[in-house]
file query20.pdb (PDB, C-alpha atoms)
ATOM      1  CA  MET Y   1      10.628  13.726  10.374
ATOM      2  CA  GLU Y   2      13.592  13.595   7.993
ATOM      3  CA  LEU Y   3      13.060  11.490   4.855
ATOM      4  CA  GLU Y   4      16.010   9.215   5.659
ATOM      5  CA  SER Y   5      14.528   8.482   9.102
ATOM      6  CA  VAL Y   6      11.100   7.770   7.623
ATOM      7  CA  ILE Y   7      12.609   5.315   5.124
ATOM      8  CA  LYS Y   8      14.627   3.566   7.844
ATOM      9  CA  GLU Y   9      11.650   3.370  10.225
ATOM     10  CA  ARG Y  10       9.139   1.967   7.709
ATOM     11  CA  GLN Y  11       8.274  -1.627   8.562
ATOM     12  CA  SER Y  12       5.622  -4.135   7.651
ATOM     13  CA  VAL Y  13       3.195  -3.909  10.573
ATOM     14  CA  ARG Y  14       1.086  -6.961  11.348
ATOM     15  CA  ALA Y  15      -0.345  -5.945  14.734
ATOM     16  CA  TYR Y  16      -2.328  -2.755  15.302
ATOM     17  CA  GLU Y  17      -3.616  -0.890  18.345
ATOM     18  CA  ASP Y  18      -7.367  -0.724  18.752
ATOM     19  CA  ARG Y  19      -7.713   3.015  18.243
ATOM     20  CA  PRO Y  20      -9.039   5.106  15.388
ATOM     21  CA  ILE Y  21      -6.910   7.174  13.062
ATOM     22  CA  PRO Y  22      -7.633  10.910  13.251
ATOM     23  CA  GLU Y  23      -9.128  12.116   9.982
ATOM     24  CA  GLU Y  24      -6.332  14.661   9.405
ATOM     25  CA  LYS Y  25      -3.705  11.876   9.529
ATOM     26  CA  LEU Y  26      -5.696   9.729   7.119
ATOM     27  CA  GLN Y  27      -6.077  12.673   4.740
ATOM     28  CA  LYS Y  28      -2.301  13.281   4.773
ATOM     29  CA  VAL Y  29      -1.687   9.650   3.842
ATOM     30  CA  LEU Y  30      -4.248   9.828   1.022
ATOM     31  CA  GLU Y  31      -2.887  13.184  -0.173
ATOM     32  CA  SER Y  32       0.558  11.602  -0.556
ATOM     33  CA  ALA Y  33      -0.957   9.111  -3.030
ATOM     34  CA  ARG Y  34      -2.721  11.904  -4.920
ATOM     35  CA  LEU Y  35       0.610  13.679  -5.372
ATOM     36  CA  ALA Y  36       2.445  10.571  -6.615
ATOM     37  CA  PRO Y  37       3.651  10.591 -10.220
ATOM     38  CA  SER Y  38       2.037   8.375 -12.837
ATOM     39  CA  ALA Y  39       2.657   7.641 -16.512
ATOM     40  CA  ASN Y  40       1.587  10.693 -18.522
ATOM     41  CA  ASN Y  41       0.102  12.022 -15.264
ATOM     42  CA  ARG Y  42      -2.980   9.898 -15.937
ATOM     43  CA  GLN Y  43      -3.541   8.942 -12.291
ATOM     44  CA  PRO Y  44      -5.392   5.784 -13.359
ATOM     45  CA  TRP Y  45      -6.453   4.884  -9.846
ATOM     46  CA  LYS Y  46      -8.987   4.955  -7.060
ATOM     47  CA  PHE Y  47      -8.287   4.315  -3.400
ATOM     48  CA  VAL Y  48     -11.129   2.620  -1.548
ATOM     49  CA  VAL Y  49     -10.928   3.482   2.154
ATOM     50  CA  VAL Y  50     -12.549   0.831   4.324
ATOM     51  CA  LYS Y  51     -13.337   1.803   7.923
ATOM     52  CA  GLU Y  52     -16.432  -0.264   8.667
ATOM     53  CA  ASP Y  53     -15.505  -3.193  10.935
ATOM     54  CA  LYS Y  54     -17.625  -5.841   9.200
ATOM     55  CA  ARG Y  55     -16.291  -4.935   5.764
ATOM     56  CA  ARG Y  56     -12.675  -4.878   7.036
ATOM     57  CA  GLN Y  57     -13.192  -8.398   8.400
ATOM     58  CA  GLU Y  58     -14.536  -9.536   5.030
ATOM     59  CA  VAL Y  59     -11.508  -8.025   3.287
ATOM     60  CA  ALA Y  60      -9.215  -9.823   5.770
ATOM     61  CA  GLN Y  61     -10.896 -13.135   4.891
ATOM     62  CA  ALA Y  62     -10.454 -12.367   1.197
ATOM     63  CA  ALA Y  63      -6.789 -11.641   1.982
ATOM     64  CA  ASN Y  64      -6.167 -15.335   2.619
ATOM     65  CA  TYR Y  65      -7.514 -15.057   6.174
ATOM     66  CA  GLN Y  66      -4.769 -12.679   7.314
ATOM     67  CA  THR Y  67      -6.695 -11.519  10.390
ATOM     68  CA  PHE Y  68      -4.364  -8.606  11.154
ATOM     69  CA  VAL Y  69      -5.619  -6.906   7.984
ATOM     70  CA  GLY Y  70      -9.063  -6.558   9.575
ATOM     71  CA  GLU Y  71      -7.603  -5.487  12.929
ATOM     72  CA  ALA Y  72      -6.226  -2.284  11.431
ATOM     73  CA  PRO Y  73      -8.760   0.552  11.813
ATOM     74  CA  VAL Y  74      -8.473   1.337   8.092
ATOM     75  CA  VAL Y  75      -7.776  -0.767   5.020
ATOM     76  CA  ILE Y  76      -7.050   0.970   1.724
ATOM     77  CA  ALA Y  77      -7.547  -0.872  -1.555
ATOM     78  CA  ALA Y  78      -5.369   0.509  -4.347
ATOM     79  CA  VAL Y  79      -7.381   0.039  -7.540
ATOM     80  CA  ALA Y  80      -6.237   0.465 -11.135
ATOM     81  CA  THR Y  81      -9.014   2.025 -13.189
ATOM     82  CA  ASN Y  82      -7.190   1.593 -16.506
ATOM     83  CA  THR Y  83      -5.105  -1.515 -17.065
ATOM     84  CA  GLU Y  84      -4.692  -1.157 -20.841
ATOM     85  CA  HIS Y  85      -1.742   1.252 -21.070
ATOM     86  CA  VAL Y  86       1.633  -0.429 -21.514
ATOM     87  CA  MET Y  87       4.802   1.658 -21.421
ATOM     88  CA  SER Y  88       7.242   1.429 -24.335
ATOM     89  CA  CYS Y  89       9.454  -0.785 -22.141
ATOM     90  CA  GLY Y  90       6.706  -3.432 -22.162
ATOM     91  CA  VAL Y  91       5.556  -2.974 -18.547
ATOM     92  CA  PRO Y  92       1.880  -2.218 -17.751
ATOM     93  CA  SER Y  93       1.894   1.331 -16.387
ATOM     94  CA  HIS Y  94      -0.843   0.739 -13.783
ATOM     95  CA  LEU Y  95       1.421  -1.604 -11.829
ATOM     96  CA  VAL Y  96       4.214   0.953 -11.637
ATOM     97  CA  ASP Y  97       1.849   3.873 -11.029
ATOM     98  CA  LEU Y  98       0.124   2.197  -8.099
ATOM     99  CA  ALA Y  99       3.389   0.887  -6.665
ATOM    100  CA  ILE Y 100       4.648   4.468  -6.476
ATOM    101  CA  ALA Y 101       1.389   5.775  -4.973
ATOM    102  CA  VAL Y 102       1.185   2.987  -2.365
ATOM    103  CA  ASP Y 103       4.823   3.488  -1.423
ATOM    104  CA  HIS Y 104       4.134   7.213  -0.951
ATOM    105  CA  MET Y 105       1.324   6.206   1.442
ATOM    106  CA  THR Y 106       3.543   3.812   3.396
ATOM    107  CA  LEU Y 107       6.122   6.558   3.948
ATOM    108  CA  ALA Y 108       3.511   9.215   4.766
ATOM    109  CA  ALA Y 109       2.018   6.800   7.311
ATOM    110  CA  VAL Y 110       5.357   6.463   9.120
ATOM    111  CA  ASN Y 111       5.675  10.239   9.157
ATOM    112  CA  GLU Y 112       2.259  10.389  10.879
ATOM    113  CA  GLY Y 113       3.203   7.759  13.493
ATOM    114  CA  LEU Y 114       1.210   5.047  11.716
ATOM    115  CA  GLY Y 115       2.110   1.677  10.274
ATOM    116  CA  THR Y 116       1.168  -0.299   7.173
ATOM    117  CA  CYS Y 117       1.759  -3.625   5.495
ATOM    118  CA  TRP Y 118       1.690  -4.024   1.729
ATOM    119  CA  ILE Y 119      -0.714  -6.907   1.022
ATOM    120  CA  GLY Y 120      -0.527  -8.716  -2.290
ATOM    121  CA  ALA Y 121      -1.936 -12.033  -1.079
ATOM    122  CA  PHE Y 122      -5.694 -11.766  -1.660
ATOM    123  CA  SER Y 123      -8.461 -12.975  -3.917
ATOM    124  CA  GLN Y 124      -8.992 -10.403  -6.653
ATOM    125  CA  GLU Y 125     -12.571 -11.512  -7.233
ATOM    126  CA  LYS Y 126     -13.566 -11.618  -3.567
ATOM    127  CA  VAL Y 127     -12.132  -8.158  -2.822
ATOM    128  CA  LYS Y 128     -13.840  -6.718  -5.909
ATOM    129  CA  LYS Y 129     -17.162  -8.171  -4.785
ATOM    130  CA  ILE Y 130     -16.841  -6.924  -1.185
ATOM    131  CA  LEU Y 131     -15.857  -3.404  -2.276
ATOM    132  CA  LYS Y 132     -18.138  -3.296  -5.350
ATOM    133  CA  ILE Y 133     -15.235  -2.649  -7.704
ATOM    134  CA  PRO Y 134     -16.103  -2.870 -11.431
ATOM    135  CA  GLU Y 135     -14.854  -5.893 -13.357
ATOM    136  CA  ARG Y 136     -12.753  -3.707 -15.708
ATOM    137  CA  CYS Y 137     -10.643  -2.521 -12.732
ATOM    138  CA  ARG Y 138      -7.840  -4.369 -10.959
ATOM    139  CA  VAL Y 139      -6.994  -4.316  -7.242
ATOM    140  CA  VAL Y 140      -3.210  -3.995  -7.130
ATOM    141  CA  ALA Y 141      -2.656  -3.919  -3.359
ATOM    142  CA  LEU Y 142      -4.366  -3.747   0.009
ATOM    143  CA  LEU Y 143      -2.898  -1.510   2.684
ATOM    144  CA  PRO Y 144      -3.962  -1.923   6.316
ATOM    145  CA  LEU Y 145      -3.283   1.307   8.208
ATOM    146  CA  GLY Y 146      -3.127   1.952  11.923
ATOM    147  CA  TYR Y 147      -1.017   2.527  15.012
ATOM    148  CA  PRO Y 148       1.575  -0.255  15.391
ATOM    149  CA  LYS Y 149       1.212  -2.323  18.585
ATOM    150  CA  GLU Y 150       4.958  -2.723  18.862
ATOM    151  CA  LYS Y 151       8.118  -1.452  17.268
ATOM    152  CA  LYS Y 152      10.359  -4.021  15.632
ATOM    153  CA  GLY Y 153      14.140  -4.005  15.497
ATOM    154  CA  ALA Y 154      16.279  -2.934  12.569
ATOM    155  CA  LYS Y 155      15.446  -4.393   9.162
ATOM    156  CA  ILE Y 156      17.826  -6.915   7.656
ATOM    157  CA  ARG Y 157      18.789  -5.910   4.158
ATOM    158  CA  LYS Y 158      21.452  -6.916   1.660
ATOM    159  CA  SER Y 159      24.490  -4.656   1.341
ATOM    160  CA  LEU Y 160      24.666  -2.195  -1.548
ATOM    161  CA  SER Y 161      27.527  -4.197  -3.073
ATOM    162  CA  GLU Y 162      25.167  -7.192  -3.392
ATOM    163  CA  ILE Y 163      22.431  -5.300  -5.247
ATOM    164  CA  VAL Y 164      24.136  -2.515  -7.225
ATOM    165  CA  CYS Y 165      26.047  -2.868 -10.505
ATOM    166  CA  TYR Y 166      27.709  -0.072 -12.416
ATOM    167  CA  GLU Y 167      27.573   0.297 -16.210
ATOM    168  CA  THR Y 168      26.458  -3.304 -16.943
ATOM    169  CA  PHE Y 169      24.597  -6.067 -15.141
ATOM    170  CA  GLN Y 170      26.808  -8.412 -13.142
ATOM    171  CA  GLU Y 171      25.846 -11.597 -11.295
TER
END
call {"tool": "encode", "arguments": {"input": "query20.pdb", "output": "structure tokens"}}
result
Amino acid sequence: MELESVIKERQSVRAYEDRPIPEEKLQKVLESARLAPSANNRQPWKFVVVKEDKRRQEVAQAANYQTFVGEAPVVIAAVATNTEHVMSCGVPSHLVDLAIAVDHMTLAAVNEGLGTCWIGAFSQEKVKKILKIPERCRVVALLPLGYPKEKKGAKIRKSLSEIVCYETFQE
């Protein structure tokens, strides 16, 4: 699929078919995260792949009871293994690094005929406990992954003129 088509087709999927993801498709999605850039190429991350039904249901409960999270055949937890590094601009690098890696996965998923939904609403402590993630680490996002039950219409987005400024910031 062409990159422009993949970007246009990516949607937040909140209903998944009850069918497994072939391992080769899952590996392509994970490989896209491995290839993502990171500050100083540190790759300060781990991706916890959750396939077991009971554990997915527990993660869904920890995600503020968003049941669709557990209905996806796979949930991926994007985990920062080093949260100490701050870029010279003052932004913690793990947040940017994992945002890039997770976005790579969302686009790779579309290319494989799969859907995702970036989940930021969850209990950090509960997810860490369920997935046995060390205290020093930080779960940055959860990513349910599966075949979308339905295809939505076109996304509504602001026009470029509303979000782009040239040379200096303008309200």
call {"tool": "atom_distance", "arguments": {"input": "query20.pdb", "atom1": "CA of Lys51 (chain Y)", "atom2": "CA of Ile76 (chain Y)"}}
result
8.9 Å
call {"tool": "closest_atom_pairs", "arguments": {"input": "query20.pdb", "of": "region 123-168 of chain Y", "to": "region 26-39 of chain Y", "cutoff": "12 Å", "atoms": "all atoms listed in the file", "output": "CSV"}}
result
residue,atom,partner,partner_atom,distance
Y:Leu143,CA,Y:Val29,CA,11.3
Y:Pro144,CA,Y:Leu26,CA,11.8
Y:Leu145,CA,Y:Leu26,CA,8.8
Y:Gly146,CA,Y:Leu26,CA,9.5
Y:Tyr147,CA,Y:Leu26,CA,11.7
call {"tool": "resolve_selection", "arguments": {"input": "query20.pdb", "expression": "the PyMOL selection byres ((chain Y and resi 9) around 12)", "output": "count of residues only"}}
result
29
call {"tool": "residues_around", "arguments": {"input": "query20.pdb", "residues": "Ala78 (chain Y)", "least_positions_apart": "4", "cutoff": "9 Å", "atoms": "only C-alpha atoms", "output": "ChimeraX atom specification"}}
result
/Y:45-48,98,101-102,138-143
call {"tool": "write_last_selection", "arguments": {"input": "query20.pdb", "atoms": "C-alpha atoms", "output": "PDB file, keeping the file's coordinate frame"}}
result
ATOM      1  CA  TRP Y  45      -6.453   4.884  -9.846  1.00  0.00           C
ATOM      2  CA  LYS Y  46      -8.987   4.955  -7.060  1.00  0.00           C
ATOM      3  CA  PHE Y  47      -8.287   4.315  -3.400  1.00  0.00           C
ATOM      4  CA  VAL Y  48     -11.129   2.620  -1.548  1.00  0.00           C
ATOM      5  CA  LEU Y  98       0.124   2.197  -8.099  1.00  0.00           C
ATOM      6  CA  ALA Y 101       1.389   5.775  -4.973  1.00  0.00           C
ATOM      7  CA  VAL Y 102       1.185   2.987  -2.365  1.00  0.00           C
ATOM      8  CA  ARG Y 138      -7.840  -4.369 -10.959  1.00  0.00           C
ATOM      9  CA  VAL Y 139      -6.994  -4.316  -7.242  1.00  0.00           C
ATOM     10  CA  VAL Y 140      -3.210  -3.995  -7.130  1.00  0.00           C
ATOM     11  CA  ALA Y 141      -2.656  -3.919  -3.359  1.00  0.00           C
ATOM     12  CA  LEU Y 142      -4.366  -3.747   0.009  1.00  0.00           C
ATOM     13  CA  LEU Y 143      -2.898  -1.510   2.684  1.00  0.00           C
TER      14      LEU Y 143
END
call {"tool": "atom_distance", "arguments": {"input": "query20.pdb", "atom1": "CA of Ile21 (chain Y)", "atom2": "CA of Ala62 (chain Y)"}}
result
23.1 Å
call {"tool": "atom_distance", "arguments": {"input": "query20.pdb", "atom1": "CA of Cys117 (chain Y)", "atom2": "CA of Pro73 (chain Y)"}}
result
13.0 Å
call {"tool": "closest_residue", "arguments": {"input": "query20.pdb", "among": "Y:Thr168, Y:Ser159, Y:Ser123, Y:Thr83", "to": "Gln66 (chain Y)", "atoms": "only C-alpha atoms"}}
result
Y:Ser123
call {"tool": "axis_aligned_box", "arguments": {"input": "query20.pdb", "around": "region 77-91 of chain Y", "padding_each_side": "6 Å", "output": "lines of an AutoDock Vina configuration file"}}
result
center_x = 0.2
center_y = -0.7
center_z = -12.9
size_x = 30.5
size_y = 17.5
size_z = 34.8
call {"tool": "closest_residue", "arguments": {"input": "query20.pdb", "among": "Y:Cys137, Y:Ile119, Y:Leu160, Y:Ala60", "to": "Ala99 (chain Y)", "atoms": "only C-alpha atoms"}}
result
Y:Ile119
call {"tool": "closest_residue", "arguments": {"input": "query20.pdb", "among": "Y:Val86, Y:Val49, Y:Val91, Y:Val74", "to": "Leu131 (chain Y)", "atoms": "all atoms listed in the file"}}
result
Y:Val49
call {"tool": "resolve_selection", "arguments": {"input": "query20.pdb", "expression": "the PyMOL selection byres ((chain Y and resi 58) around 12)", "output": "ChimeraX atom specification"}}
result
/Y:50-57,59-71,75,122-123,126-131
call {"tool": "closest_residue", "arguments": {"input": "query20.pdb", "among": "Y:Asp18, Y:Val79, Y:Trp118, Y:Ala72", "to": "Pro134 (chain Y)", "atoms": "only C-alpha atoms"}}
result
Y:Val79
call {"tool": "build_atoms", "arguments": {"input": "query20.pdb", "residues": "region 105-128 of chain Y", "atoms": "N, CA and C atoms", "output": "PDB file, keeping the file's coordinate frame"}}
result
ATOM      1  N   MET Y 105       2.196   6.338   0.267  1.00  0.00           N
ATOM      2  CA  MET Y 105       1.324   6.206   1.442  1.00  0.00           C
ATOM      3  C   MET Y 105       2.037   5.525   2.602  1.00  0.00           C
ATOM      4  N   THR Y 106       2.851   4.499   2.304  1.00  0.00           N
ATOM      5  CA  THR Y 106       3.543   3.812   3.396  1.00  0.00           C
ATOM      6  C   THR Y 106       4.508   4.758   4.111  1.00  0.00           C
ATOM      7  N   LEU Y 107       5.175   5.612   3.341  1.00  0.00           N
ATOM      8  CA  LEU Y 107       6.122   6.558   3.948  1.00  0.00           C
ATOM      9  C   LEU Y 107       5.389   7.690   4.677  1.00  0.00           C
ATOM     10  N   ALA Y 108       4.304   8.175   4.095  1.00  0.00           N
ATOM     11  CA  ALA Y 108       3.511   9.215   4.766  1.00  0.00           C
ATOM     12  C   ALA Y 108       2.948   8.678   6.077  1.00  0.00           C
ATOM     13  N   ALA Y 109       2.551   7.414   6.087  1.00  0.00           N
ATOM     14  CA  ALA Y 109       2.018   6.800   7.311  1.00  0.00           C
ATOM     15  C   ALA Y 109       3.056   6.829   8.424  1.00  0.00           C
ATOM     16  N   VAL Y 110       4.287   6.439   8.111  1.00  0.00           N
ATOM     17  CA  VAL Y 110       5.357   6.463   9.120  1.00  0.00           C
ATOM     18  C   VAL Y 110       5.530   7.881   9.651  1.00  0.00           C
ATOM     19  N   ASN Y 111       5.513   8.838   8.755  1.00  0.00           N
ATOM     20  CA  ASN Y 111       5.675  10.239   9.157  1.00  0.00           C
ATOM     21  C   ASN Y 111       4.567  10.694  10.101  1.00  0.00           C
ATOM     22  N   GLU Y 112       3.397  10.054  10.015  1.00  0.00           N
ATOM     23  CA  GLU Y 112       2.259  10.389  10.879  1.00  0.00           C
ATOM     24  C   GLU Y 112       2.178   9.491  12.119  1.00  0.00           C
ATOM     25  N   GLY Y 113       3.208   8.651  12.335  1.00  0.00           N
ATOM     26  CA  GLY Y 113       3.203   7.759  13.493  1.00  0.00           C
ATOM     27  C   GLY Y 113       2.366   6.507  13.300  1.00  0.00           C
ATOM     28  N   LEU Y 114       2.046   6.200  12.046  1.00  0.00           N
ATOM     29  CA  LEU Y 114       1.210   5.047  11.716  1.00  0.00           C
ATOM     30  C   LEU Y 114       2.044   3.952  11.066  1.00  0.00           C
ATOM     31  N   GLY Y 115       1.440   2.790  10.924  1.00  0.00           N
ATOM     32  CA  GLY Y 115       2.110   1.677  10.274  1.00  0.00           C
ATOM     33  C   GLY Y 115       1.231   1.075   9.199  1.00  0.00           C
ATOM     34  N   THR Y 116       1.853   0.347   8.286  1.00  0.00           N
ATOM     35  CA  THR Y 116       1.168  -0.299   7.173  1.00  0.00           C
ATOM     36  C   THR Y 116       1.814  -1.648   6.885  1.00  0.00           C
ATOM     37  N   CYS Y 117       1.175  -2.392   6.023  1.00  0.00           N
ATOM     38  CA  CYS Y 117       1.759  -3.625   5.495  1.00  0.00           C
ATOM     39  C   CYS Y 117       1.211  -3.818   4.094  1.00  0.00           C
ATOM     40  N   TRP Y 118       2.087  -3.863   3.123  1.00  0.00           N
ATOM     41  CA  TRP Y 118       1.690  -4.024   1.729  1.00  0.00           C
ATOM     42  C   TRP Y 118       1.164  -5.442   1.559  1.00  0.00           C
ATOM     43  N   ILE Y 119      -0.091  -5.590   1.169  1.00  0.00           N
ATOM     44  CA  ILE Y 119      -0.714  -6.907   1.022  1.00  0.00           C
ATOM     45  C   ILE Y 119      -0.952  -7.201  -0.456  1.00  0.00           C
ATOM     46  N   GLY Y 120      -0.320  -8.264  -0.919  1.00  0.00           N
ATOM     47  CA  GLY Y 120      -0.527  -8.716  -2.290  1.00  0.00           C
ATOM     48  C   GLY Y 120      -1.175 -10.095  -2.334  1.00  0.00           C
ATOM     49  N   ALA Y 121      -1.324 -10.707  -1.166  1.00  0.00           N
ATOM     50  CA  ALA Y 121      -1.936 -12.033  -1.079  1.00  0.00           C
ATOM     51  C   ALA Y 121      -3.423 -11.866  -0.773  1.00  0.00           C
ATOM     52  N   PHE Y 122      -4.240 -11.901  -1.821  1.00  0.00           N
ATOM     53  CA  PHE Y 122      -5.694 -11.766  -1.660  1.00  0.00           C
ATOM     54  C   PHE Y 122      -6.378 -12.275  -2.912  1.00  0.00           C
ATOM     55  N   SER Y 123      -7.654 -12.563  -2.776  1.00  0.00           N
ATOM     56  CA  SER Y 123      -8.461 -12.975  -3.917  1.00  0.00           C
ATOM     57  C   SER Y 123      -8.995 -11.731  -4.620  1.00  0.00           C
ATOM     58  N   GLN Y 124      -8.555 -11.541  -5.840  1.00  0.00           N
ATOM     59  CA  GLN Y 124      -8.992 -10.403  -6.653  1.00  0.00           C
ATOM     60  C   GLN Y 124     -10.518 -10.356  -6.733  1.00  0.00           C
ATOM     61  N   GLU Y 125     -11.122 -11.478  -7.044  1.00  0.00           N
ATOM     62  CA  GLU Y 125     -12.571 -11.512  -7.233  1.00  0.00           C
ATOM     63  C   GLU Y 125     -13.329 -11.247  -5.939  1.00  0.00           C
ATOM     64  N   LYS Y 126     -12.878 -11.819  -4.843  1.00  0.00           N
ATOM     65  CA  LYS Y 126     -13.566 -11.618  -3.567  1.00  0.00           C
ATOM     66  C   LYS Y 126     -13.473 -10.164  -3.117  1.00  0.00           C
ATOM     67  N   VAL Y 127     -12.294  -9.560  -3.230  1.00  0.00           N
ATOM     68  CA  VAL Y 127     -12.132  -8.158  -2.822  1.00  0.00           C
ATOM     69  C   VAL Y 127     -12.992  -7.256  -3.711  1.00  0.00           C
ATOM     70  N   LYS Y 128     -13.003  -7.510  -5.000  1.00  0.00           N
ATOM     71  CA  LYS Y 128     -13.840  -6.718  -5.909  1.00  0.00           C
ATOM     72  C   LYS Y 128     -15.309  -6.800  -5.512  1.00  0.00           C
TER      73      LYS Y 128
END
